[in-house]
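S.K.: What follows is a structure written as structure tokens; I'll ask about it next.
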Amino acid sequence: MTKYNHIFFDLDHTLWDFKTNSRLTLKEIHTHFSLEERGEISTDQFIEVYEKYNYKMWADYRNGKMSKKTLRTERFRQSLYRLGIKDLDLSFEIADFYVENSPVKRALFPGTIDVLTELKEKYILHIITNGFEEIQDIKMTQSGLAPFFKEIITSEKAGARKPHPAIFNYSLQMANASANECLMIGDNQLVDIEGAQKIGMDGVFFNPEREKTTVKPKYEVNHLKELLEFL
């Protein structure tokens, strides 16, 4: 029998398929705002450039170098500029469209609902996410994830972002739990696994892309259903 009573999940890229949902929204943006006509920009070009800037700026946001407001618009302004479109108003319009439409997408990683259904019978489940609070709530509701979780801890509620120990300690307080009875499951080795380990919480590295492991998680899985082999 496992020693865990509480399981904490990351949301984006772990349960909610961020890449699929984001790309669906970016394709809608490309069509809705006629980007092909504005600069002969293909859908693939737009997605590639945007994802590059978004990845970098999310790292800056996580490290406290960029505000939430700046991140939301600047990733699109710089992407459009790189693609030859110098239109600040358009970048604001696209930013609003993305924030409104991306969270309602419902793609989850394979096996998500089945795994959560089984785990909920044995454990108390929670979410720890760096995502924007109002957006994460929509994702949880629209995708059908909300009923599985007791606490949904966002970095905005905690006043700190993963991997800072403060958000994990805040999560323990919210769950009324100790670190040694908790398990953190996430896709980011530094942010989710190493961050949890620093406060004494075991981690499961969810690694569907089979990345090279640079930390030493308690467990590693490539598919969510593998969790049921030891939980």
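Letters A, B, ... mark the chains of the structure tokens in the order given; residue numbers begin at 1 per chain; ligand numbers begin at 1, in order shown.
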Find the spatial neighbours of Leu119 of chain A, counting only C-alpha atoms, within a cut-off of 8 Å - ignore same-chain residues fewer than 6 positions away - and output them as a PyMOL selection string.

M.R.: chain A and resi 125+228+231

S.K.: Please provide the set of residues having any atom within 9 Å of segment 103-110 of chain A, restricted to only C-alpha atoms, with same-chain residues fewer than 5 positions apart removed, written as a ChimeraX atom specification.

M.R.: /A:13-18,20-22,24-25,98,135-144,223-225

S.K.: Would you output that residue set with N, CA and C atoms, as an mmCIF file, in the first residue's frame?

M.R.:
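In the end it all went to selection.cif:
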data_model
loop_
_atom_site.group_PDB
_atom_site.id
_atom_site.type_symbol
_atom_site.label_atom_id
_atom_site.label_comp_id
_atom_site.auth_asym_id
_atom_site.auth_seq_id
_atom_site.Cartn_x
_atom_site.Cartn_y
_atom_site.Cartn_z
ATOM 1 N N HIS A 13 0.019 20.751 -19.850
ATOM 2 C CA HIS A 13 1.030 19.803 -20.336
ATOM 3 C C HIS A 13 1.079 18.508 -19.523
ATOM 4 N N THR A 14 0.195 18.369 -18.540
ATOM 5 C CA THR A 14 0.171 17.150 -17.732
ATOM 6 C C THR A 14 -1.190 16.474 -17.821
ATOM 7 N N LEU A 15 -2.246 17.230 -17.597
ATOM 8 C CA LEU A 15 -3.610 16.724 -17.762
ATOM 9 C C LEU A 15 -4.269 17.405 -18.960
ATOM 10 N N TRP A 16 -4.288 18.721 -18.935
ATOM 11 C CA TRP A 16 -4.866 19.523 -20.024
ATOM 12 C C TRP A 16 -3.818 19.641 -21.113
ATOM 13 N N ASP A 17 -4.151 19.187 -22.320
ATOM 14 C CA ASP A 17 -3.184 19.136 -23.419
ATOM 15 C C ASP A 17 -2.972 20.529 -23.990
ATOM 16 N N PHE A 18 -2.057 21.244 -23.370
ATOM 17 C CA PHE A 18 -1.834 22.646 -23.712
ATOM 18 C C PHE A 18 -1.444 22.821 -25.175
ATOM 19 N N THR A 20 -1.975 20.968 -27.893
ATOM 20 C CA THR A 20 -3.092 20.748 -28.815
ATOM 21 C C THR A 20 -4.102 21.876 -28.737
ATOM 22 N N ASN A 21 -4.494 22.249 -27.531
ATOM 23 C CA ASN A 21 -5.512 23.293 -27.359
ATOM 24 C C ASN A 21 -5.018 24.656 -27.824
ATOM 25 N N SER A 22 -3.770 24.943 -27.541
ATOM 26 C CA SER A 22 -3.205 26.218 -27.968
ATOM 27 C C SER A 22 -3.126 26.294 -29.486
ATOM 28 N N LEU A 24 -4.906 24.719 -31.703
ATOM 29 C CA LEU A 24 -6.250 24.879 -32.265
ATOM 30 C C LEU A 24 -6.655 26.349 -32.247
ATOM 31 N N THR A 25 -6.351 27.027 -31.150
ATOM 32 C CA THR A 25 -6.701 28.443 -31.025
ATOM 33 C C THR A 25 -5.869 29.303 -31.968
ATOM 34 N N TYR A 98 -7.166 35.084 -27.941
ATOM 35 C CA TYR A 98 -6.512 33.872 -27.431
ATOM 36 C C TYR A 98 -6.963 33.554 -26.004
ATOM 37 N N ILE A 135 -8.156 31.879 -15.987
ATOM 38 C CA ILE A 135 -8.114 30.993 -17.141
ATOM 39 C C ILE A 135 -8.125 29.533 -16.714
ATOM 40 N N GLN A 136 -7.385 29.219 -15.650
ATOM 41 C CA GLN A 136 -7.321 27.835 -15.195
ATOM 42 C C GLN A 136 -8.693 27.348 -14.720
ATOM 43 N N ASP A 137 -9.443 28.218 -14.084
ATOM 44 C CA ASP A 137 -10.795 27.841 -13.652
ATOM 45 C C ASP A 137 -11.670 27.448 -14.841
ATOM 46 N N ILE A 138 -11.558 28.204 -15.922
ATOM 47 C CA ILE A 138 -12.338 27.894 -17.131
ATOM 48 C C ILE A 138 -11.901 26.554 -17.709
ATOM 49 N N LYS A 139 -10.590 26.340 -17.796
ATOM 50 C CA LYS A 139 -10.072 25.071 -18.314
ATOM 51 C C LYS A 139 -10.607 23.892 -17.507
ATOM 52 N N MET A 140 -10.557 24.015 -16.201
ATOM 53 C CA MET A 140 -10.987 22.926 -15.313
ATOM 54 C C MET A 140 -12.459 22.601 -15.525
ATOM 55 N N THR A 141 -13.268 23.633 -15.663
ATOM 56 C CA THR A 141 -14.710 23.439 -15.822
ATOM 57 C C THR A 141 -15.060 22.890 -17.202
ATOM 58 N N GLN A 142 -14.532 23.522 -18.235
ATOM 59 C CA GLN A 142 -14.873 23.146 -19.607
ATOM 60 C C GLN A 142 -14.400 21.735 -19.967
ATOM 61 N N SER A 143 -13.275 21.318 -19.418
ATOM 62 C CA SER A 143 -12.703 20.015 -19.760
ATOM 63 C C SER A 143 -13.243 18.878 -18.899
ATOM 64 N N GLY A 144 -14.036 19.215 -17.879
ATOM 65 C CA GLY A 144 -14.584 18.193 -17.003
ATOM 66 C C GLY A 144 -13.653 17.752 -15.897
ATOM 67 N N HIS A 223 3.036 7.628 -19.903
ATOM 68 C CA HIS A 223 1.594 7.650 -20.133
ATOM 69 C C HIS A 223 0.922 7.721 -18.760
ATOM 70 N N LEU A 224 -0.141 8.487 -18.665
ATOM 71 C CA LEU A 224 -0.794 8.659 -17.366
ATOM 72 C C LEU A 224 -1.278 7.341 -16.770
ATOM 73 N N LYS A 225 -1.673 6.394 -17.609
ATOM 74 C CA LYS A 225 -2.179 5.126 -17.086
ATOM 75 C C LYS A 225 -1.108 4.329 -16.345
#

S.K.: Residues at most 8 Å from Arg75 of chain A, counting only C-alpha atoms, excluding those fewer than 6 positions away in the same chain, as a list of chain:residue names?

M.R.: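 Within the cut-off, the hits are A:Tyr50, A:Tyr53, A:Asn54, A:Met57.
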
S.K.: Extract, using only C-alpha atoms, all DNA, RNA and protein residues at most 10 Å from segment 29-36 of chain A, discarding same-chain residues fewer than 2 positions from it, and format them as an mmCIF file with C-alpha atoms, in the first residue's frame.

M.R.:
data_model
loop_
_atom_site.group_PDB
_atom_site.id
_atom_site.type_symbol
_atom_site.label_atom_id
_atom_site.label_comp_id
_atom_site.auth_asym_id
_atom_site.auth_seq_id
_atom_site.Cartn_x
_atom_site.Cartn_y
_atom_site.Cartn_z
ATOM 1 C CA ARG A 23 -2.535 25.232 -31.568
ATOM 2 C CA LEU A 24 -6.250 24.879 -32.265
ATOM 3 C CA THR A 25 -6.701 28.443 -31.025
ATOM 4 C CA LEU A 26 -3.727 29.740 -33.006
ATOM 5 C CA LYS A 27 -5.193 28.223 -36.169
ATOM 6 C CA ARG A 38 -1.726 40.488 -44.235
ATOM 7 C CA GLY A 39 1.739 39.121 -44.885
ATOM 8 C CA GLU A 40 1.619 35.792 -46.684
ATOM 9 C CA ILE A 41 2.043 34.098 -43.326
ATOM 10 C CA SER A 42 1.169 30.413 -43.223
ATOM 11 C CA THR A 43 -0.483 28.785 -40.220
ATOM 12 C CA ASP A 44 2.652 26.774 -39.497
ATOM 13 C CA PHE A 46 2.610 31.736 -37.218
ATOM 14 C CA ILE A 47 2.493 28.845 -34.755
ATOM 15 C CA LEU A 80 3.699 39.612 -35.411
ATOM 16 C CA LEU A 83 6.537 38.051 -39.204
ATOM 17 C CA ILE A 85 3.273 42.876 -39.160
ATOM 18 C CA LEU A 90 -3.896 43.911 -33.822
ATOM 19 C CA GLU A 93 -7.022 42.050 -30.383
ATOM 20 C CA ILE A 94 -5.295 38.712 -30.938
ATOM 21 C CA ALA A 95 -4.212 38.542 -27.293
ATOM 22 C CA PHE A 97 -9.052 36.414 -28.657
ATOM 23 C CA TYR A 98 -6.512 33.872 -27.431
ATOM 24 C CA ASN A 101 -10.923 31.025 -26.746
#

S.K.: Quick one: pick out all strand (DSSP E) residues within segment 57-211 of chain A from a backbone DSSP run and write them as a list in words.

M.R.: Ile124, Leu125, His126, Ile127, Ile128, Thr129, Glu151, Ile152, Ile153, Thr154, Cys182, Leu183, Met184, Ile185, Gly186, Asp202, Gly203, Val204, Phe205 and Phe206 of chain A

S.K.: Find, counting only C-alpha atoms, the residue in A:Leu71, A:Ala158, A:Asp87, A:Asn5 that gets nearest to Gln173 of chain A.

M.R.: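 Checking each candidate against Gln173 of chain A, we get A:Ala158 as the closest.
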
S.K.: Report as a ChimeraX atom specification all protein, DNA and RNA residues lying within 12 Å of Asp10 of chain A, evaluated on only C-alpha atoms, omitting residues in the same chain fewer than 4 positions from it.

M.R.: /A:14-18,125-131,136,140,149,152-155,162-163,168,183-189,191-193,195-196,203-206

S.K.: Keeping only C-alpha atoms, write the selected residues to a file as a compact mmCIF listing (two decimals), in the first residue's frame.

M.R.:
# COMPACT_ATOMS: atom_id res chain seq x y z
CA THR A 14 0.17 17.15 -17.73
CA LEU A 15 -3.61 16.72 -17.76
CA TRP A 16 -4.87 19.52 -20.02
CA ASP A 17 -3.18 19.14 -23.42
CA PHE A 18 -1.83 22.65 -23.71
CA LEU A 125 -6.43 15.14 -5.47
CA HIS A 126 -5.28 18.73 -5.95
CA ILE A 127 -3.92 21.00 -8.70
CA ILE A 128 -0.83 23.23 -8.47
CA THR A 129 -0.45 25.52 -11.48
CA ASN A 130 1.45 28.61 -12.58
CA GLY A 131 -1.32 29.40 -15.06
CA GLN A 136 -7.32 27.84 -15.20
CA MET A 140 -10.99 22.93 -15.31
CA PHE A 149 -10.00 18.02 -7.33
CA ILE A 152 -6.92 24.22 -7.11
CA ILE A 153 -3.82 26.17 -6.12
CA THR A 154 -2.63 28.85 -8.52
CA SER A 155 0.56 30.84 -8.28
CA LYS A 162 6.70 26.99 -9.14
CA PRO A 163 9.48 26.00 -8.53
CA PHE A 168 4.48 24.10 -2.47
CA LEU A 183 3.12 13.26 -4.33
CA MET A 184 3.60 15.82 -7.10
CA ILE A 185 2.97 14.85 -10.74
CA GLY A 186 4.09 17.13 -13.54
CA ASP A 187 5.79 17.44 -16.91
CA ASN A 188 8.52 19.94 -16.02
CA GLN A 189 11.57 18.50 -14.31
CA VAL A 191 9.43 23.46 -12.10
CA ASP A 192 7.35 20.50 -10.87
CA ILE A 193 9.71 17.76 -9.73
CA GLY A 195 10.53 22.24 -6.86
CA ALA A 196 8.52 19.63 -4.95
CA GLY A 203 7.66 13.59 -7.57
CA VAL A 204 6.46 11.77 -10.66
CA PHE A 205 7.95 13.07 -13.90
CA PHE A 206 5.29 12.82 -16.63

S.K.: Would you list the contacts of Asn222 of chain A as a PyMOL selection string, taking every protein, DNA or RNA residue within 8 Å and counting only C-alpha atoms, but skipping same-chain residues closer than 3 positions in sequence?

M.R.: chain A and resi 206-210+226
